[in-house]
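Structure record follows, encoded as structure tokens.
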Amino acid sequence: MRTRVRGWRWRQNPLRRKSDMVEAWIALAVAVLLCVGAPLAGAVAGLWAHEQARSVAAVQRSERHMVRAVVVGGTPEQLPSVQGGDRAHAYQTNVRWTVPGEGTKTALARVPAGTRTGDTVDVWFDRQGHGVAPPPDDVAVWQHTVTVGLCGASGAAAVVLLGHGIVRRVALRHRLAEWEQEWARTGPDWTRGRA
């Protein structure tokens, strides 16, 4: 039958060594870092990522514009419709739209998979007239924020746990050295009577 004595490192007893006390304080620090520090690191990383993603989205919204265009290039059999699982990916094809005062324009643009010739779609262009992906919306910004926040918290927790593992190994070596010194001092008293 195994008996565990909780908190033995905190109480005075003849078996407790200096390394036991150090390890107890480090375990307390690790618990605080995991419960407070890692979530705080994740929140800081998430807030930083949110600000960065919002500024990138704002810049892209200012540099890109959307037009309603008609797909004119290729037939559905000729257009590469790449699908992965249930998600369909965009591809590029020729689209045509009318600009008031400038006439009709035709350009290569990204359209959703499954789009057929003659369909009307919303396409995005940059200032040079190249077809580009739409700027990130609020959902994409928040997805980025949550992802970076979770990665930041997980990374901080991993660093704390790795550091704790290293400290425990060092503490174990010190504890064994302390026990060895103590045995060298008291061992002859125990073995002298038997010899």
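Just remember, in the structure tokens the first chain shown is A, the second B, etc., residues are 1-based per chain, and ligands are 1-based in the order shown.
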- request: For His65 (chain A), please output as a list in words all residues within 12 Å (counting only C-alpha atoms; exclusion window: fewer than 3 positions along the same chain).
  value: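 Skipping anything fewer than 3 positions along the chain leaves Val59, Gln60, Arg61, Ser62, Arg68, Asp122, Val123, Trp124, Phe125, Asp126, Arg127, Gln128, Gly129, His130, Gly131, Val132, Ala133, Pro134 and Pro135 of chain A.
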Counting only C-alpha atoms, which residues of region 11-101 of chain A fall within 12 Å of region 158-164 of chain A, and what is the closest atom pair for each with its distance in Å at one decimal, ordered by chain and rising number, as a Markdown table?
```
| residue | atom | partner | partner_atom | distance |
| --- | --- | --- | --- | --- |
| A:Val22 | CA | A:His164 | CA | 11.9 |
| A:Glu23 | CA | A:His164 | CA | 9.3 |
| A:Ala24 | CA | A:His164 | CA | 11.3 |
| A:Trp25 | CA | A:His164 | CA | 11.3 |
| A:Ile26 | CA | A:His164 | CA | 7.6 |
| A:Ala27 | CA | A:His164 | CA | 7.6 |
| A:Leu28 | CA | A:His164 | CA | 10.7 |
| A:Ala29 | CA | A:His164 | CA | 9.5 |
| A:Val30 | CA | A:Val160 | CA | 6.6 |
| A:Ala31 | CA | A:Val160 | CA | 9.4 |
| A:Val32 | CA | A:Val160 | CA | 10.3 |
| A:Leu33 | CA | A:Val160 | CA | 7.2 |
| A:Leu34 | CA | A:Val160 | CA | 7.2 |
| A:Cys35 | CA | A:Val160 | CA | 11.0 |
| A:Val36 | CA | A:Val160 | CA | 11.7 |
| A:Gly37 | CA | A:Val160 | CA | 9.2 |
| A:Ala38 | CA | A:Val160 | CA | 8.4 |
| A:Ala41 | CA | A:Val159 | CA | 11.6 |
```
Check your understanding: Expressed in Å to a single decimal, how great is the separation between CA of Gly101 (chain A) and CA of Val67 (chain A)?
Key ->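 Atom-to-atom, CA of Gly101 (chain A) and CA of Val67 (chain A) are spaced 15.0 Å apart.
Shell of Glu182 (chain A) at 12 Å, with only C-alpha atoms counted and residues fewer than 4 places along the chain excluded, is Pro14, Leu15, Arg16, Arg17, Arg175, Leu176, Ala177, Glu178, Thr186, Gly187, Pro188 and Asp189 of chain A.
Per DSSP on the backbone, strand (DSSP E or B) in region 17-86 of chain A comprises His65, Met66, Val67, Arg68, Ala69, Val70, Val71, Gln83 and Gly84 of chain A.
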Would you put the residues from that selection into a file with C-alpha atoms, as a PDB file, in the first residue's frame?
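Saved to part-v5.pdb:
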```pdb
ATOM      1  CA  HIS A  65     -11.907  47.591 -55.568  1.00  0.00           C
ATOM      2  CA  MET A  66     -14.777  45.252 -56.393  1.00  0.00           C
ATOM      3  CA  VAL A  67     -16.722  45.150 -59.650  1.00  0.00           C
ATOM      4  CA  ARG A  68     -19.696  43.078 -60.808  1.00  0.00           C
ATOM      5  CA  ALA A  69     -18.541  41.279 -63.918  1.00  0.00           C
ATOM      6  CA  VAL A  70     -19.743  38.608 -66.331  1.00  0.00           C
ATOM      7  CA  VAL A  71     -17.600  35.513 -66.875  1.00  0.00           C
ATOM      8  CA  GLN A  83     -11.812  20.855 -55.178  1.00  0.00           C
ATOM      9  CA  GLY A  84     -10.428  19.600 -51.886  1.00  0.00           C
TER      10      GLY A  84
END
```
Counting only C-alpha atoms, the residue among A:Glu63, A:His50, A:Gly73, A:Arg116 that lies closest to Thr147 (chain A) is A:His50
- Which of these residues is nearest to His174 (chain A), using only C-alpha atoms: A:Ala140, A:Val121, A:Met21, A:Leu47?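 Under the stated criterion, the closest residue is A:Met21.
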Please run DSSP on the backbone and report, as a VMD selection string, all residues within region 72-194 of chain A that come out as helix (DSSP H, G or I). chain A and resid 138 to 191
Kindly give the distance, in Å, that separates CA of Ala53 (chain A) and CA of Thr145 (chain A), rounded to a single decimal.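 Those two atoms sit 7.8 Å apart.
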